[in-house]
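Data file: upload_16.cif. Format and content: mmCIF, C-alpha atoms and all ligand atoms.
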data_entry
#
loop_
_atom_site.label_atom_id
_atom_site.label_comp_id
_atom_site.auth_asym_id
_atom_site.auth_seq_id
_atom_site.Cartn_x
_atom_site.Cartn_y
_atom_site.Cartn_z
CA MET A 1 1.07 187.91 23.65
CA THR A 2 0.94 190.18 20.63
CA ALA A 3 1.06 193.96 20.85
CA PRO A 4 -0.24 196.57 20.84
CA ARG A 5 -2.83 195.42 23.30
CA ILE A 6 -4.81 196.97 26.07
CA GLU A 7 -5.09 194.94 29.24
CA VAL A 8 -8.23 195.52 31.21
CA ASP A 9 -8.59 194.54 34.85
CA LEU A 10 -12.33 194.06 35.28
CA GLY A 11 -11.92 193.54 39.03
CA LYS A 12 -10.60 197.09 39.34
CA ILE A 13 -13.51 198.46 37.36
CA ARG A 14 -15.93 196.56 39.60
CA HIS A 15 -14.14 197.92 42.65
CA ASN A 16 -14.14 201.52 41.41
CA THR A 17 -17.83 201.33 40.58
CA ARG A 18 -18.76 199.74 43.90
CA TYR A 19 -16.71 202.23 45.88
CA LEU A 20 -18.38 205.20 44.17
CA VAL A 21 -21.84 203.60 44.32
CA GLU A 22 -21.51 203.07 48.07
CA ARG A 23 -20.09 206.48 48.87
CA LEU A 24 -22.65 208.26 46.73
CA ALA A 25 -25.52 206.16 48.11
CA SER A 26 -24.94 207.80 51.47
CA ARG A 27 -25.50 211.13 49.71
CA GLY A 28 -28.70 209.95 48.04
CA ILE A 29 -27.09 209.66 44.61
CA THR A 30 -27.18 206.69 42.23
CA VAL A 31 -24.55 205.91 39.59
CA THR A 32 -25.10 205.40 35.87
CA GLY A 33 -22.03 203.85 34.24
CA VAL A 34 -20.88 205.70 31.11
CA THR A 35 -19.42 203.33 28.52
CA LYS A 36 -18.53 205.66 25.64
CA ALA A 37 -14.77 205.71 26.30
CA VAL A 38 -14.69 201.92 25.97
CA CYS A 39 -17.02 201.88 22.95
CA GLY A 40 -19.65 200.01 24.94
CA TYR A 41 -17.31 197.05 25.45
CA PRO A 42 -19.76 194.55 26.93
CA ALA A 43 -17.53 192.92 29.57
CA ILE A 44 -16.53 196.36 30.88
CA ALA A 45 -20.15 197.52 30.90
CA SER A 46 -21.04 194.36 32.82
CA ALA A 47 -18.31 195.07 35.37
CA MET A 48 -19.95 198.46 35.99
CA LEU A 49 -23.31 196.74 36.57
CA GLU A 50 -21.68 194.18 38.87
CA GLY A 51 -20.27 197.09 40.85
CA GLY A 52 -23.75 198.44 41.43
CA ALA A 53 -24.42 200.95 38.64
CA ILE A 54 -28.20 201.25 38.22
CA GLY A 55 -27.88 201.44 34.46
CA LEU A 56 -25.59 202.42 31.61
CA ALA A 57 -25.28 205.41 29.31
CA ASP A 58 -23.49 205.93 26.03
CA ALA A 59 -23.22 208.69 23.45
CA ARG A 60 -23.30 206.49 20.34
CA ILE A 61 -26.00 204.16 19.10
CA THR A 62 -23.43 201.72 17.68
CA ASN A 63 -22.04 201.23 21.20
CA VAL A 64 -25.53 200.69 22.59
CA ALA A 65 -26.24 198.14 19.85
CA ARG A 66 -23.06 196.32 20.74
CA MET A 67 -24.13 196.03 24.39
CA ARG A 68 -27.64 194.92 23.48
CA LYS A 69 -26.25 192.33 21.07
CA ALA A 70 -24.09 190.97 23.89
CA GLY A 71 -27.21 190.41 25.99
CA ILE A 72 -27.12 193.41 28.31
CA THR A 73 -30.75 194.24 29.11
CA CYS A 74 -30.34 196.87 31.83
CA PRO A 75 -31.68 200.39 31.19
CA ILE A 76 -29.38 202.23 28.78
CA SER A 77 -29.66 205.99 28.25
CA MET A 78 -28.52 207.88 25.18
CA ILE A 79 -26.55 210.77 26.70
CA ARG A 80 -25.92 212.64 23.48
CA THR A 81 -28.99 214.28 22.04
CA PRO A 82 -30.29 211.73 19.51
CA LEU A 83 -29.53 212.22 15.83
CA PRO A 84 -32.85 212.57 14.01
CA SER A 85 -31.59 209.98 11.51
CA GLN A 86 -31.09 207.49 14.36
CA ALA A 87 -34.29 208.21 16.28
CA ASP A 88 -35.77 204.80 15.45
CA GLN A 89 -32.78 202.95 16.86
CA VAL A 90 -32.73 205.16 19.96
CA VAL A 91 -36.36 204.34 20.76
CA GLN A 92 -35.73 200.66 20.12
CA SER A 93 -32.59 200.22 22.17
CA CYS A 94 -32.61 202.97 24.83
CA GLU A 95 -35.30 203.43 27.48
CA THR A 96 -34.27 207.02 27.96
CA SER A 97 -32.50 209.76 26.05
CA TYR A 98 -31.09 213.15 27.05
CA ASN A 99 -32.58 215.88 24.90
CA THR A 100 -32.29 219.56 24.08
CA GLU A 101 -34.31 219.95 20.85
CA MET A 102 -38.10 219.87 20.60
CA ASP A 103 -38.06 218.58 17.02
CA VAL A 104 -36.03 215.58 18.10
CA ILE A 105 -38.34 214.89 21.05
CA ALA A 106 -41.36 215.10 18.72
CA LYS A 107 -39.74 212.61 16.39
CA LEU A 108 -38.92 210.22 19.25
CA ALA A 109 -42.53 210.55 20.45
CA ALA A 110 -43.96 209.74 17.03
CA ILE A 111 -41.75 206.66 16.72
CA ALA A 112 -42.64 205.54 20.24
CA ARG A 113 -46.37 205.89 19.51
CA ARG A 114 -45.97 203.88 16.32
CA ASN A 115 -44.23 201.17 18.35
CA ASN A 116 -46.78 201.28 21.15
CA THR A 117 -44.17 202.24 23.67
CA VAL A 118 -43.22 205.24 25.75
CA HIS A 119 -39.74 206.74 25.53
CA ASN A 120 -38.34 208.56 28.56
CA ILE A 121 -36.98 212.06 28.15
CA ILE A 122 -34.42 213.77 30.35
CA LEU A 123 -34.06 217.43 29.50
CA MET A 124 -30.48 218.62 29.51
CA VAL A 125 -30.12 222.07 31.06
CA GLU A 126 -27.28 224.47 30.20
CA MET A 127 -25.61 225.41 33.48
CA GLY A 128 -22.37 226.91 32.16
CA ASP A 129 -20.39 224.25 30.29
CA MET A 130 -21.78 225.69 27.04
CA ARG A 131 -21.90 222.36 25.26
CA GLU A 132 -25.41 220.91 25.11
CA GLY A 133 -28.41 222.15 27.04
CA ILE A 134 -31.65 224.09 27.10
CA MET A 135 -31.23 227.59 28.49
CA PRO A 136 -32.57 227.60 32.07
CA ASP A 137 -35.19 230.24 31.23
CA ASP A 138 -36.64 228.00 28.51
CA LEU A 139 -36.79 224.88 30.67
CA ILE A 140 -40.35 225.20 32.00
CA GLY A 141 -41.76 225.87 28.54
CA PHE A 142 -39.91 222.85 27.19
CA ALA A 143 -40.96 220.58 30.05
CA SER A 144 -44.62 221.61 29.72
CA GLN A 145 -44.58 220.67 26.04
CA VAL A 146 -42.96 217.28 26.72
CA VAL A 147 -45.51 216.49 29.43
CA ARG A 148 -48.36 217.11 26.96
CA MET A 149 -46.83 214.96 24.22
CA ARG A 150 -47.99 211.35 23.85
CA GLY A 151 -45.28 208.72 23.30
CA VAL A 152 -42.78 210.34 25.62
CA ALA A 153 -42.59 210.71 29.39
CA LEU A 154 -40.69 213.44 31.18
CA LYS A 155 -38.38 211.42 33.40
CA GLY A 156 -36.14 214.14 34.67
CA ILE A 157 -33.58 216.83 34.06
CA GLY A 158 -29.84 216.67 33.70
CA THR A 159 -26.82 218.88 33.36
CA ASN A 160 -23.21 218.52 32.42
CA PHE A 161 -19.93 220.12 33.45
CA ALA A 162 -16.29 220.15 32.46
CA CYS A 163 -16.80 218.69 29.00
CA LEU A 164 -16.27 221.71 26.80
CA GLY A 165 -15.30 224.17 29.51
CA ASN A 166 -12.90 222.74 32.03
CA ILE A 167 -14.76 224.19 34.99
CA ALA A 168 -15.74 222.10 37.99
CA PRO A 169 -19.27 222.62 39.29
CA HIS A 170 -19.50 224.37 42.66
CA SER A 171 -22.23 224.21 45.28
CA GLU A 172 -23.93 227.40 44.14
CA VAL A 173 -24.50 226.23 40.59
CA MET A 174 -25.59 222.79 41.82
CA ALA A 175 -28.11 224.39 44.21
CA SER A 176 -29.42 226.45 41.33
CA PHE A 177 -29.79 223.32 39.18
CA SER A 178 -31.50 221.51 42.05
CA SER A 179 -34.07 224.29 42.37
CA ARG A 180 -34.89 223.89 38.65
CA ALA A 181 -36.22 220.43 39.48
CA ASP A 182 -38.66 221.96 41.98
CA ASP A 183 -39.66 224.63 39.44
CA VAL A 184 -40.42 222.05 36.74
CA GLU A 185 -42.46 219.91 39.13
CA ARG A 186 -44.45 222.89 40.32
CA ALA A 187 -45.14 224.06 36.77
CA CYS A 188 -45.91 220.65 35.25
CA GLY A 189 -47.46 218.82 38.18
CA ARG A 190 -45.16 215.84 37.63
CA VAL A 191 -42.59 214.28 39.90
CA LEU A 192 -39.15 214.14 38.30
CA GLU A 193 -37.68 210.73 38.95
CA THR A 194 -34.16 211.60 37.82
CA VAL A 195 -32.19 214.73 38.57
CA SER A 196 -28.82 213.92 37.04
CA GLY A 197 -26.16 216.36 38.19
CA GLY A 198 -23.29 215.59 35.83
CA GLY A 199 -20.29 213.30 35.43
CA SER A 200 -16.99 212.56 37.12
CA ALA A 201 -16.22 216.28 37.40
CA ASN A 202 -19.02 216.45 39.98
CA LEU A 203 -17.36 214.04 42.40
CA PRO A 204 -15.52 216.60 44.54
CA TRP A 205 -18.86 218.34 45.01
CA ALA A 206 -20.90 215.14 45.47
CA LEU A 207 -18.47 213.56 47.93
CA GLY A 208 -18.07 216.77 49.89
CA PHE A 209 -20.20 217.94 52.77
CA GLY A 210 -22.50 220.39 51.03
CA LYS A 211 -26.17 219.72 50.42
CA THR A 212 -26.93 217.59 47.37
CA GLY A 213 -30.48 218.94 47.16
CA ARG A 214 -32.62 217.24 44.55
CA ILE A 215 -29.69 215.72 42.68
CA ASN A 216 -30.05 211.95 42.84
CA ASN A 217 -27.90 210.64 39.99
CA LEU A 218 -24.46 211.04 38.41
CA ARG A 219 -23.30 209.62 35.09
CA LEU A 220 -19.76 208.38 35.66
CA GLY A 221 -17.21 207.29 33.09
CA GLU A 222 -13.70 208.56 33.72
CA ALA A 223 -13.70 208.11 37.50
CA ILE A 224 -14.84 204.49 37.20
CA LEU A 225 -12.46 203.62 34.38
CA LEU A 226 -9.35 205.61 35.26
CA GLY A 227 -9.90 206.58 38.89
CA VAL A 228 -9.23 210.26 38.27
CA ASP A 229 -11.05 213.57 38.53
CA PRO A 230 -11.21 214.94 34.97
CA VAL A 231 -10.80 218.56 36.04
CA SER A 232 -7.69 218.26 38.19
CA GLY A 233 -6.41 215.02 36.66
CA LYS A 234 -5.74 213.86 40.23
CA PRO A 235 -6.55 210.36 41.48
CA VAL A 236 -9.80 210.06 43.41
CA ASP A 237 -9.14 208.57 46.87
CA GLY A 238 -10.00 204.90 47.10
CA LEU A 239 -10.02 204.24 43.36
CA HIS A 240 -7.68 202.19 41.20
CA THR A 241 -5.96 204.26 38.51
CA ASP A 242 -4.49 201.26 36.69
CA ALA A 243 -7.45 199.28 35.43
CA PHE A 244 -6.11 199.73 31.87
CA THR A 245 -2.58 199.16 30.61
CA LEU A 246 -1.53 199.74 27.03
CA VAL A 247 1.31 197.45 25.98
CA ALA A 248 3.50 198.29 22.98
CA GLU A 249 6.35 196.38 21.38
CA VAL A 250 9.83 197.67 20.58
CA ILE A 251 10.69 197.29 16.89
CA GLU A 252 13.91 199.30 16.74
CA ALA A 253 16.49 200.14 19.40
CA LYS A 254 19.63 202.05 18.46
CA ARG A 255 22.00 204.73 19.53
CA LYS A 256 21.49 207.32 16.88
CA ALA A 257 23.60 210.30 16.07
CA LYS A 258 21.76 212.71 13.87
CA PRO A 259 23.28 212.24 10.40
CA MET A 260 22.15 215.64 9.12
CA PRO A 261 19.99 218.49 10.33
CA LEU A 262 16.31 217.76 9.97
CA GLN A 263 14.32 219.97 7.72
CA ALA A 264 11.27 221.69 9.07
CA VAL A 265 8.25 219.52 8.52
CA ASP A 266 4.90 220.74 7.30
CA PRO A 267 2.73 220.81 10.44
CA ALA A 268 -0.17 219.37 8.43
CA PHE A 269 1.91 216.22 8.27
CA SER A 270 0.71 214.44 11.37
CA VAL A 271 3.86 214.49 13.41
CA LEU A 272 3.75 214.98 17.12
CA ARG A 273 7.03 216.40 18.38
CA LEU A 274 7.00 217.08 22.06
CA ALA A 275 10.58 217.04 23.21
CA GLN A 276 13.87 218.13 21.74
CA ASP A 277 15.54 214.94 20.69
CA ASP A 278 18.89 214.22 22.20
CA HIS A 279 21.09 212.20 19.91
CA ARG A 280 23.39 210.97 22.64
CA LYS A 281 20.68 208.75 24.05
CA THR A 282 19.35 205.45 22.89
CA ARG A 283 16.31 205.81 20.74
CA SER A 284 13.68 203.15 20.41
CA ILE A 285 10.63 202.76 18.27
CA LEU A 286 7.41 201.34 19.62
CA ALA A 287 4.97 199.78 17.17
CA VAL A 288 2.07 201.95 18.17
CA GLY A 289 1.08 205.32 16.76
CA LEU A 290 -1.51 208.01 16.30
CA GLN A 291 -3.80 205.54 14.56
CA ASP A 292 -3.91 203.47 17.74
CA THR A 293 -4.04 206.00 20.53
CA ASP A 294 -3.50 209.60 21.60
CA VAL A 295 0.24 209.30 22.13
CA ALA A 296 0.38 212.64 23.98
CA GLY A 297 -1.97 211.09 26.58
CA LEU A 298 0.38 208.22 27.46
CA THR A 299 2.58 208.00 30.52
CA PHE A 300 5.87 206.23 29.88
CA PRO A 301 7.92 204.25 32.39
CA LEU A 302 10.57 206.06 34.41
CA GLY A 303 13.62 206.87 32.29
CA VAL A 304 11.68 206.70 29.03
CA LYS A 305 10.85 209.92 27.27
CA LEU A 306 8.49 210.50 24.38
CA ILE A 307 10.31 212.08 21.43
CA GLY A 308 7.56 211.99 18.86
CA ALA A 309 4.96 209.92 17.13
CA THR A 310 3.54 209.36 13.67
CA SER A 311 0.62 207.27 12.54
CA ASP A 312 2.38 203.94 13.17
CA HIS A 313 5.56 204.73 15.14
CA THR A 314 6.25 206.16 18.55
CA VAL A 315 9.85 207.19 19.13
CA VAL A 316 11.11 207.23 22.68
CA GLY A 317 14.45 208.12 24.18
CA THR A 318 15.94 206.21 27.07
CA THR A 319 18.71 207.49 29.29
CA ASN A 320 20.63 204.40 30.25
CA SER A 321 18.74 201.17 29.76
CA SER A 322 18.58 200.13 26.16
CA LEU A 323 15.40 198.38 25.21
CA ARG A 324 15.68 195.14 23.30
CA VAL A 325 13.84 194.66 20.02
CA GLY A 326 10.83 192.48 20.77
CA SER A 327 10.52 193.61 24.37
CA GLN A 328 7.22 195.13 25.43
CA MET A 329 6.57 198.35 27.31
CA LYS A 330 3.67 199.08 29.62
CA LEU A 331 2.06 202.48 29.19
CA LYS A 332 -0.60 204.26 31.14
CA ALA A 333 -3.33 205.95 29.12
CA ASN A 334 -5.39 209.02 29.94
CA TYR A 335 -9.03 209.31 28.89
CA SER A 336 -8.32 210.41 25.36
CA ALA A 337 -5.61 207.77 24.84
CA LEU A 338 -7.88 205.09 26.30
CA MET A 339 -10.80 206.08 24.09
CA ARG A 340 -8.70 205.93 20.93
CA ALA A 341 -7.06 202.63 21.90
CA MET A 342 -10.41 201.01 22.69
CA ASN A 343 -11.63 202.14 19.28
CA ALA A 344 -8.56 200.97 17.37
CA PRO A 345 -8.94 197.66 15.55
CA ASP A 346 -5.21 196.90 15.77
CA VAL A 347 -5.12 197.20 19.54
CA GLU A 348 -6.09 193.84 20.99
CA LYS A 349 -8.29 193.95 24.08
CA VAL A 350 -7.26 191.47 26.77
CA LEU A 351 -9.54 191.08 29.77
CA PHE A 352 -8.64 189.87 33.23
CA GLY A 353 -10.89 189.20 36.20
CA ARG A 354 -13.93 188.20 34.22
CA ARG A 355 -16.69 186.95 36.48
CA ASP A 356 -18.64 183.81 35.98
CA LEU A 357 -21.57 185.43 34.20
CA SER A 358 -24.35 183.66 36.01
CA ALA A 359 -22.81 184.75 39.31
CA GLY A 360 -21.80 188.21 38.15
CA ILE A 361 -24.66 190.04 36.57
CA PRO A 362 -28.00 190.32 38.31
CA ALA A 363 -30.38 187.96 36.49
CA LYS A 364 -32.56 190.79 35.28
CA HIS A 365 -29.63 192.17 33.32
CA ILE A 366 -28.93 188.99 31.36
CA HIS A 367 -30.77 188.03 28.23
CA PRO A 368 -31.25 184.24 28.43
CA ASN A 369 -30.50 183.51 24.79
CA LEU A 370 -27.45 185.64 24.25
CA ALA A 371 -23.88 185.13 25.33
CA LEU A 372 -21.65 187.93 26.52
CA VAL A 373 -18.54 188.43 24.44
C1 LIG B 401 -19.16 211.65 28.69
C2 LIG B 401 -20.35 212.10 29.43
C3 LIG B 401 -20.48 211.78 30.79
C4 LIG B 401 -19.42 211.07 31.58
O1 LIG B 401 -18.34 211.91 31.80
P1 LIG B 401 -17.07 211.44 32.68
O2 LIG B 401 -16.28 212.67 32.86
O3 LIG B 401 -16.38 210.40 31.88
O4 LIG B 401 -17.60 210.89 33.95
C5 LIG B 401 -21.64 212.19 31.42
N1 LIG B 401 -22.60 212.86 30.77
C6 LIG B 401 -22.50 213.19 29.47
C7 LIG B 401 -23.59 213.95 28.81
C8 LIG B 401 -21.36 212.83 28.76
O5 LIG B 401 -21.25 213.16 27.47
#
Translate this structure into structure tokens?
Amino acid sequence: MTAPRIEVDLGKIRHNTRYLVERLASRGITVTGVTKAVCGYPAIASAMLEGGAIGLADARITNVARMRKAGITCPISMIRTPLPSQADQVVQSCETSYNTEMDVIAKLAAIARRNNTVHNIILMVEMGDMREGIMPDDLIGFASQVVRMRGVALKGIGTNFACLGNIAPHSEVMASFSSRADDVERACGRVLETVSGGGSANLPWALGFGKTGRINNLRLGEAILLGVDPVSGKPVDGLHTDAFTLVAEVIEAKRKAKPMPLQAVDPAFSVLRLAQDDHRKTRSILAVGLQDTDVAGLTFPLGVKLIGATSDHTVVGTTNSSLRVGSQMKLKANYSALMRAMNAPDVEKVLFGRRDLSAGIPAKHIHPNLALV
């Protein structure tokens, strides 16, 4: 098989989803599968649905379009506040979007009215991550306006943690968010169907023993795909951490003594130098680089050390075993490395554990005239 490639074990993604779905169900929480790190790759999205996710969410309309084109008809939410220039596509391909700006909501509403449809709005509340969100004090005013607007329906509220700030949500902040749901309902006289508490960073809280309050949904990407908690980087019990394997090919293997001292390189020149190189060791070059992945986010096999990477080359040092030219090396990718590799045209995607479609996806999620690719 050619390299670089990323091997995807769909069975492990199904397992991770099912495990989280079942454990969270006992806490009254549903799972929305987040597909942005895999660019909405349809077979991976389907594996999340097969594992019991109630719907999917993505941050980019191109990824949503890709899933729709592949015949996925389940509810898909736009989790990044819609770009005004893409509002038409958002109304057409997403049932729901997460919003923080009234102008955008008004635009979505106008488009929905023109299309004789109703678009669902989840209001994103700022609870401390300081990325997107309406300030808590402005929430009631916002919600009241949305409720009065034709073309949109207030479906719920959401919040987000550990995206910009690397802080895990604790029970106090979650209780405070939960009480916002009650406040909005009291003020607007509407029941909020969805109270979405965050992403994978919320798992320690959600799987703990504290009260979950009104929170009834999490949007999970990293935990399903990589089996880790994004805040600590530690594996989540019961989850596979090896659903993805990046495979790279060795194109040079030599013992190299440094012929002359290297000159300092302009840092603007995209060179990633992590370790002091040691000329006594064997050096090998892998045909994968910064264009293909986030090399700093790769884990190398035992005895292999990353020396540096450029756009197309990754140089590794090995202590004793010398790698043969043409041999292939398995690498583990973190979230950032995975995201880049999934988005890289030169990295082939190889899927294992594909289900027979008719057996795999609930019938309501399959479009009869379209094939999954
Ligand atoms: C990316 C994202 C998620 C999923 O985060 P994970 O840490 O991958 O679970 C959830 N919500 C929003 C708004 C996101 O942008």
Residue contacts of A:Thr319 (8 Å, all atoms listed in the file) excluding same-chain residues fewer than 6 positions away, as JSON, numbers by chain: {"A": [281, 282, 303, 304]}
With a distance cut-off of 12 Å and all atoms listed in the file, select the neighbouring residues of A:Lys332, excluding the residue or stretch itself and same-chain residues fewer than 6 positions from it, and output the selection as a list of chain:residue names.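 Answer for this query is A:Ile6, A:Glu7, A:Val8, A:Leu226, A:Thr241, A:Asp242, A:Ala243, A:Phe244, A:Thr245, A:Leu246, A:Val247, A:Ala248, A:Thr293, A:Asp294, A:Val295, A:Ala296, A:Gly297, A:Leu298, A:Thr299, A:Phe300, A:Pro301, A:Leu302, A:Leu338, A:Ala341.
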Of the listed residues A:Gly213, A:Pro345, A:Gly238, A:Gly198, that which approaches ligand LIG 401 (chain B) most closely, counting only C-alpha atoms and all ligand atoms: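 Smallest separation from ligand LIG 401 (chain B) among the options: A:Gly198.
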So what do you get for atom CA of A:Arg68 versus atom CA of A:Ala106, distance-wise?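 That distance, rounded to one decimal, is 24.9 Å.
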Distance of atom CA of A:Ala53 from atom CA of A:Thr35, expressed in Å to one decimal place: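 Computed distance, atom CA of A:Thr35 to atom CA of A:Ala53, equals 11.5 Å.
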Which residues of chain A come within 6 Å of ligand LIG 401 (chain B), and for each one, what is the closest pair of atoms and their distance in Å to one decimal, counting all atoms listed in the file, sorted by chain and residue number, as JSON lines?
{"residue": "A:Val34", "atom": "CA", "partner": "B:LIG401", "partner_atom": "C4", "distance": 5.6}
{"residue": "A:Ile79", "atom": "CA", "partner": "B:LIG401", "partner_atom": "C7", "distance": 4.8}
{"residue": "A:Arg80", "atom": "CA", "partner": "B:LIG401", "partner_atom": "C7", "distance": 6.0}
{"residue": "A:Asn160", "atom": "CA", "partner": "B:LIG401", "partner_atom": "C7", "distance": 5.8}
{"residue": "A:Gly198", "atom": "CA", "partner": "B:LIG401", "partner_atom": "N1", "distance": 5.8}
{"residue": "A:Gly199", "atom": "CA", "partner": "B:LIG401", "partner_atom": "O4", "distance": 3.9}
{"residue": "A:Ser200", "atom": "CA", "partner": "B:LIG401", "partner_atom": "O4", "distance": 3.6}
{"residue": "A:Ala201", "atom": "CA", "partner": "B:LIG401", "partner_atom": "O2", "distance": 5.8}
{"residue": "A:Arg219", "atom": "CA", "partner": "B:LIG401", "partner_atom": "C5", "distance": 4.8}
{"residue": "A:Leu220", "atom": "CA", "partner": "B:LIG401", "partner_atom": "O4", "distance": 3.7}
{"residue": "A:Gly221", "atom": "CA", "partner": "B:LIG401", "partner_atom": "O3", "distance": 3.4}
{"residue": "A:Glu222", "atom": "CA", "partner": "B:LIG401", "partner_atom": "O3", "distance": 3.7}
{"residue": "A:Ala223", "atom": "CA", "partner": "B:LIG401", "partner_atom": "O4", "distance": 6.0}
{"residue": "A:Pro230", "atom": "CA", "partner": "B:LIG401", "partner_atom": "O2", "distance": 5.9}
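When only C-alpha atoms are used to measure the gap to A:Arg23, the shortest distance among A:Ala143, A:Leu207, A:Leu306, A:Ile54 belongs to A:Leu207.
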With only C-alpha atoms as the counted atoms, please give the residues lying no more than 8 Å from stretch 288-291 of chain A, apart from itself and same-chain residues fewer than 3 positions off, as a list in words. Pro4, Ala248, Glu249, Asp294, Val295, Ala309, Thr310, Ser311, Asp312, His313, Thr314 and Ala344 of chain A
Measuring between all atoms listed in the file, which one of A:Arg255, A:His15, A:Arg324, A:Arg66 shows the shortest distance to A:Leu225? A:His15
Could you jot down the atom CA of A:Ile72 to atom CA of A:Val228 separation for me, Å, one decimal place?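 Separating atom CA of A:Ile72 from atom CA of A:Val228 is a distance of 26.5 Å.
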Nearby residues, (-34.1, 206.3, 30.1) file frame, 8 Å, all atoms listed in the file, as an MDAnalysis selection string: chainID A and resid 75:78 94:97 119:122 155
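Residue nearest A:Ser93 within the list A:Ile111, A:Ile61, A:Met339, A:Leu24: A:Ile61 [criterion: smallest interatomic distance, all atoms listed in the file].
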Taking only C-alpha atoms into account, name the residue in A:Val195, A:Met174, A:Ala43, A:Ile134 that is nearest to A:Ile157. A:Val195
Nearest residue to A:Val236 from the set A:Asn115, A:Asn166, A:Asn63, A:Asn16 (distances using all atoms listed in the file):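 Ranked by minimum distance to A:Val236, first place goes to A:Asn16.
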Please write out, as lines of an AutoDock Vina configuration file, where the centre of an axis-aligned box around all listed atoms of stretch 104-113 of chain A lies and how long its edges are, in Å to one decimal, after adding 6 Å on each side.
center_x = -41.2
center_y = 210.6
center_z = 18.7
size_x = 22.3
size_y = 22.0
size_z = 16.7
